[in-house]
Amino acid sequence: MSLSIRPLTESGFAGEVSGIDLTRPLDPAEVRAIDDGMDRHGVLVFHGQRFTDETQMAFSRYFGELELSSGAELSKASERRPLQREMADISNLDAAGRLRTATDRLRLTALGNRLWHSDASFRAIPAKYSLLSARIIPGEGGNTEFADMRAAYDALDGELKTEIADLVTEHSNAYSREQIGFLKSDYGAENQAKLKPVRHRLVRFDPRTGRKSLYLSAHIGAVVDWPVPEGRMLIRELTEHAVQRQFVYAHAWKQWDLVIWDNRTTMHRARRYDDLHDVRDMRRTTIRGAGVTVSQEQQAA
């Protein structure tokens, strides 16, 4: 096995992987090496991986069960391209393969991806890894930024670490979309149960690495047992701290890049590009996590 990883930042956050073709079947040692690299770096970048949807899903399954796309769950089949339900369509193309218009509902909803977030934190069992494949990239812009939540936690002062150690937050897709002007009612009566808030610990511990990390996301709308304004201000202040430039890696996409990130220890956001004129076709698979972070009444769906 010739797999090697080169750190992309001085801190070691994010690594560039070479010496492996992910589109072919992998042996257990190669899968372990990728898992170990994720534990060290949190984000791994692979160039030149010419995936189809089928080979991307096959590779993704080495790391766990695939989640259903939340976009597919919250939209009508007529609004989206006919992809597998485990494949999230991170593009600006409509069901006919045309560029979405300025007022297209799914285009406007997708603008929420430009907020700092952790994928699927609105599920009772939150996501493990996300794997994003670049099929077509725009001529300019459209980068993805990642923030290191382990380093951000480490940099907090001791008093704040003590204050937040046992806090629990509430996450919902409705909270993040509220920030860009959507109302909960905009999702329709049939989707209201899917928007019910779920609870997660604000500080997570990873037994594989022995490290703690902040678990932040635009999907957070409340801190349990805190007044809503005070809770939201705490989350805003922690987020401002966590996305300082020393904690961030910005990925400039090349066609056929695959980037894997650990949603338990990172946040990310998409950056602006001319989505009304340039095609950006990305396909994401997401690995379901191992369990809830805190006991709750919600069904672990």
# chains A, B, ... in the order shown; residues from 1 in each chain; ligands from 1

$ closest_atom_pairs --of "stretch 110-147 of chain A" --to "stretch 233-241 of chain A" --cutoff "10 Å" --atoms "only C-alpha atoms" --output "Markdown table"
| residue | atom | partner | partner_atom | distance |
| --- | --- | --- | --- | --- |
| A:Trp116 | CA | A:Thr239 | CA | 8.2 |
| A:His117 | CA | A:Thr239 | CA | 9.8 |
| A:Ala147 | CA | A:Thr239 | CA | 9.8 |

$ residues_around --residues "stretch 84-94 of chain A" --least-positions-apart "5" --cutoff "10 Å" --atoms "only C-alpha atoms" --output "mmCIF file with C-alpha atoms, in the first residue's frame"
data_model
loop_
_atom_site.group_PDB
_atom_site.id
_atom_site.type_symbol
_atom_site.label_atom_id
_atom_site.label_comp_id
_atom_site.auth_asym_id
_atom_site.auth_seq_id
_atom_site.Cartn_x
_atom_site.Cartn_y
_atom_site.Cartn_z
ATOM 1 C CA ASP A 53 -22.658 7.505 -8.098
ATOM 2 C CA GLU A 54 -22.415 3.728 -7.733
ATOM 3 C CA GLN A 56 -18.924 6.571 -4.630
ATOM 4 C CA MET A 57 -21.629 4.815 -2.638
ATOM 5 C CA GLU A 65 -24.382 2.911 6.835
ATOM 6 C CA LEU A 66 -25.377 5.604 4.334
ATOM 7 C CA GLU A 67 -27.932 8.215 5.352
ATOM 8 C CA LEU A 68 -30.844 9.208 3.160
ATOM 9 C CA SER A 69 -30.451 12.680 1.711
ATOM 10 C CA SER A 70 -32.328 15.253 3.788
ATOM 11 C CA GLY A 71 -32.879 17.254 0.587
ATOM 12 C CA ALA A 72 -34.694 14.315 -0.927
ATOM 13 C CA GLU A 73 -36.759 13.883 2.233
ATOM 14 C CA SER A 78 -40.497 16.792 -9.421
ATOM 15 C CA GLU A 79 -38.151 19.425 -7.937
ATOM 16 C CA LEU A 99 -29.557 25.878 -14.066
ATOM 17 C CA ARG A 100 -31.994 26.790 -11.302
ATOM 18 C CA THR A 101 -33.538 30.237 -11.587
ATOM 19 C CA ASP A 104 -36.228 28.561 -7.434
ATOM 20 C CA LEU A 106 -34.525 24.633 -3.728
ATOM 21 C CA ARG A 107 -31.875 27.114 -4.864
ATOM 22 C CA ALA A 110 -29.513 25.581 -0.546
ATOM 23 C CA ASN A 113 -25.182 25.683 3.032
ATOM 24 C CA LEU A 132 -18.211 15.118 -1.433
ATOM 25 C CA SER A 133 -17.256 14.390 -5.045
ATOM 26 C CA ALA A 134 -16.652 17.231 -7.534
ATOM 27 C CA ARG A 135 -18.123 16.226 -10.899
ATOM 28 C CA ILE A 136 -18.310 19.719 -12.476
ATOM 29 C CA ILE A 137 -16.837 22.849 -10.893
ATOM 30 C CA ASP A 275 -24.708 29.901 -9.522
ATOM 31 C CA LEU A 276 -27.104 31.506 -12.026
ATOM 32 C CA HIS A 277 -24.587 31.084 -14.872
ATOM 33 C CA ASP A 278 -21.940 28.497 -13.882
ATOM 34 C CA VAL A 279 -22.696 24.818 -13.288
ATOM 35 C CA ARG A 280 -21.486 23.305 -10.023
ATOM 36 C CA ASP A 281 -22.323 19.613 -9.793
ATOM 37 C CA MET A 282 -21.243 17.909 -6.562
ATOM 38 C CA ARG A 283 -22.505 14.613 -5.130
ATOM 39 C CA ARG A 284 -22.378 13.888 -1.394
ATOM 40 C CA THR A 285 -22.726 10.682 0.554
ATOM 41 C CA THR A 286 -23.037 10.831 4.326
ATOM 42 C CA ILE A 287 -22.239 8.148 6.887
#

$ select_by_dssp --residues "stretch 39-118 of chain A" --states "strand (DSSP E)" --output "ChimeraX atom specification"
/A:43-46,88-91

$ write_last_selection --atoms "N, CA and C atoms" --output "short mmCIF file (atom, residue, chain, number, x, y, z; two decimals), in the first residue's frame"
data_model
loop_
_atom_site.label_atom_id
_atom_site.label_comp_id
_atom_site.auth_asym_id
_atom_site.auth_seq_id
_atom_site.Cartn_x
_atom_site.Cartn_y
_atom_site.Cartn_z
N VAL A 43 -10.12 16.21 8.08
CA VAL A 43 -10.49 16.43 6.68
C VAL A 43 -9.42 15.78 5.81
N LEU A 44 -9.84 15.00 4.82
CA LEU A 44 -8.89 14.40 3.88
C LEU A 44 -9.30 14.76 2.46
N VAL A 45 -8.30 15.13 1.64
CA VAL A 45 -8.50 15.53 0.25
C VAL A 45 -7.85 14.50 -0.66
N PHE A 46 -8.63 13.99 -1.61
CA PHE A 46 -8.14 13.03 -2.61
C PHE A 46 -8.35 13.65 -3.99
N ALA A 88 -26.81 12.87 -1.99
CA ALA A 88 -27.26 14.26 -1.87
C ALA A 88 -26.78 15.05 -3.09
N ASP A 89 -27.72 15.75 -3.72
CA ASP A 89 -27.43 16.53 -4.91
C ASP A 89 -26.99 17.93 -4.49
N ILE A 90 -25.67 18.14 -4.45
CA ILE A 90 -25.14 19.46 -4.06
C ILE A 90 -24.80 20.20 -5.35
N SER A 91 -25.85 20.60 -6.06
CA SER A 91 -25.66 21.25 -7.36
C SER A 91 -26.65 22.40 -7.49
#

$ residues_around --residues "stretch 16-20 of chain A" --least-positions-apart "2" --cutoff "10 Å" --atoms "only C-alpha atoms" --output "PDB file with C-alpha atoms, in the first residue's frame"
ATOM      1  CA  MET A   1       0.000   0.000   0.000  1.00  0.00           C
ATOM      2  CA  SER A   2       1.482   3.356  -1.088  1.00  0.00           C
ATOM      3  CA  LEU A   3      -1.067   5.666   0.538  1.00  0.00           C
ATOM      4  CA  SER A   4       0.528   8.786   2.035  1.00  0.00           C
ATOM      5  CA  ILE A   5      -0.902  11.918   3.674  1.00  0.00           C
ATOM      6  CA  ARG A   6       0.610  15.407   3.522  1.00  0.00           C
ATOM      7  CA  PRO A   7      -0.688  17.969   6.063  1.00  0.00           C
ATOM      8  CA  LEU A   8      -2.326  20.968   4.389  1.00  0.00           C
ATOM      9  CA  ALA A  14      -6.684  18.641   6.840  1.00  0.00           C
ATOM     10  CA  LEU A  22     -10.778   4.978  -4.301  1.00  0.00           C
ATOM     11  CA  THR A  23     -12.933   3.876  -7.229  1.00  0.00           C
ATOM     12  CA  ARG A  24     -11.660   0.280  -7.013  1.00  0.00           C
ATOM     13  CA  LEU A  26     -10.099  -1.486  -1.113  1.00  0.00           C
ATOM     14  CA  GLU A  30      -6.387   0.736   3.175  1.00  0.00           C
ATOM     15  CA  ILE A  34      -8.085   6.311   5.796  1.00  0.00           C
ATOM     16  CA  GLY A  37      -6.025   9.686   8.754  1.00  0.00           C
ATOM     17  CA  HIS A  41      -6.633  15.378  10.390  1.00  0.00           C
ATOM     18  CA  VAL A  43     -10.494  16.432   6.676  1.00  0.00           C
ATOM     19  CA  LEU A  44      -8.889  14.404   3.879  1.00  0.00           C
ATOM     20  CA  VAL A  45      -8.502  15.533   0.254  1.00  0.00           C
ATOM     21  CA  PHE A  46      -8.136  13.034  -2.612  1.00  0.00           C
ATOM     22  CA  HIS A  47      -7.464  14.241  -6.170  1.00  0.00           C
ATOM     23  CA  GLY A  48      -8.365  12.560  -9.445  1.00  0.00           C
ATOM     24  CA  GLN A  49     -11.075  10.209  -8.137  1.00  0.00           C
ATOM     25  CA  VAL A 259     -13.099  15.476   0.179  1.00  0.00           C
TER      26      VAL A 259
END

$ residues_around --residues "A:Arg199" --least-positions-apart "4" --cutoff "7 Å" --atoms "only C-alpha atoms" --output "number ranges by chain"
A: 124, 168-171, 294, 296

$ residues_around --residues "stretch 209-223 of chain A" --least-positions-apart "2" --cutoff "8 Å" --atoms "only C-alpha atoms" --output "ChimeraX atom specification"
/A:39,115-118,121-122,149-154,167-176,201-207,225-228,231-232,235,239,264-267

$ select_by_dssp --residues "stretch 68-230 of chain A" --states "helix (DSSP H, G or I)" --output "JSON, numbers by chain"
{"A": [70, 71, 72, 73, 77, 78, 79, 105, 106, 107, 108, 109, 110, 111, 112, 113, 114, 149, 150, 151, 152, 153, 154, 158, 159, 160, 161, 162, 163, 164, 173, 174, 175, 176, 177, 178, 184, 185, 186, 187, 189, 190, 191, 192, 193, 194, 195, 228, 229, 230]}

$ write_last_selection --atoms "C-alpha atoms" --output "mmCIF file, in the first residue's frame"
data_model
loop_
_atom_site.group_PDB
_atom_site.id
_atom_site.type_symbol
_atom_site.label_atom_id
_atom_site.label_comp_id
_atom_site.auth_asym_id
_atom_site.auth_seq_id
_atom_site.Cartn_x
_atom_site.Cartn_y
_atom_site.Cartn_z
ATOM 1 C CA SER A 70 -32.328 15.253 3.788
ATOM 2 C CA GLY A 71 -32.879 17.254 0.587
ATOM 3 C CA ALA A 72 -34.694 14.315 -0.927
ATOM 4 C CA GLU A 73 -36.759 13.883 2.233
ATOM 5 C CA ALA A 77 -39.466 14.327 -6.704
ATOM 6 C CA SER A 78 -40.497 16.792 -9.421
ATOM 7 C CA GLU A 79 -38.151 19.425 -7.937
ATOM 8 C CA ARG A 105 -37.233 27.288 -3.969
ATOM 9 C CA LEU A 106 -34.525 24.633 -3.728
ATOM 10 C CA ARG A 107 -31.875 27.114 -4.864
ATOM 11 C CA LEU A 108 -32.889 29.500 -2.092
ATOM 12 C CA THR A 109 -33.014 26.715 0.490
ATOM 13 C CA ALA A 110 -29.513 25.581 -0.546
ATOM 14 C CA LEU A 111 -28.134 29.029 0.287
ATOM 15 C CA GLY A 112 -28.227 27.815 3.881
ATOM 16 C CA ASN A 113 -25.182 25.683 3.032
ATOM 17 C CA ARG A 114 -23.175 28.927 3.118
ATOM 18 C CA MET A 149 -13.602 22.078 16.283
ATOM 19 C CA ARG A 150 -10.975 20.180 18.302
ATOM 20 C CA ALA A 151 -8.444 22.989 18.044
ATOM 21 C CA ALA A 152 -11.178 25.546 18.730
ATOM 22 C CA TYR A 153 -12.134 23.715 21.919
ATOM 23 C CA ASP A 154 -8.512 23.402 23.030
ATOM 24 C CA GLY A 158 -10.549 26.940 31.427
ATOM 25 C CA GLU A 159 -13.461 28.885 32.893
ATOM 26 C CA LEU A 160 -15.458 28.701 29.652
ATOM 27 C CA LYS A 161 -14.664 25.008 29.235
ATOM 28 C CA THR A 162 -16.130 24.405 32.691
ATOM 29 C CA GLU A 163 -19.235 26.481 31.928
ATOM 30 C CA ILE A 164 -20.081 24.617 28.715
ATOM 31 C CA ASN A 173 -33.119 22.291 9.915
ATOM 32 C CA ALA A 174 -35.769 24.923 10.583
ATOM 33 C CA TYR A 175 -33.361 26.946 12.754
ATOM 34 C CA SER A 176 -30.697 27.283 10.059
ATOM 35 C CA ARG A 177 -33.157 28.133 7.290
ATOM 36 C CA GLU A 178 -34.835 30.662 9.577
ATOM 37 C CA LYS A 184 -41.124 26.466 9.431
ATOM 38 C CA SER A 185 -44.476 26.475 7.661
ATOM 39 C CA ASP A 186 -42.725 26.798 4.284
ATOM 40 C CA TYR A 187 -41.817 23.100 4.467
ATOM 41 C CA ALA A 189 -47.526 20.132 7.013
ATOM 42 C CA GLU A 190 -46.180 16.769 5.832
ATOM 43 C CA ASN A 191 -42.613 17.682 6.896
ATOM 44 C CA GLN A 192 -43.230 19.244 10.310
ATOM 45 C CA ALA A 193 -42.315 16.091 12.255
ATOM 46 C CA LYS A 194 -38.925 16.011 10.493
ATOM 47 C CA LEU A 195 -38.219 19.532 11.757
ATOM 48 C CA VAL A 228 -33.359 31.579 24.025
ATOM 49 C CA PRO A 229 -31.621 34.957 23.496
ATOM 50 C CA GLU A 230 -28.838 34.095 25.939
#

$ atom_distance --atom1 "atom CA of A:Gly181" --atom2 "atom CA of A:Thr103"
13.2 Å

$ atom_distance --atom1 "atom CA of A:Arg81" --atom2 "atom CA of A:Ala96"
6.9 Å
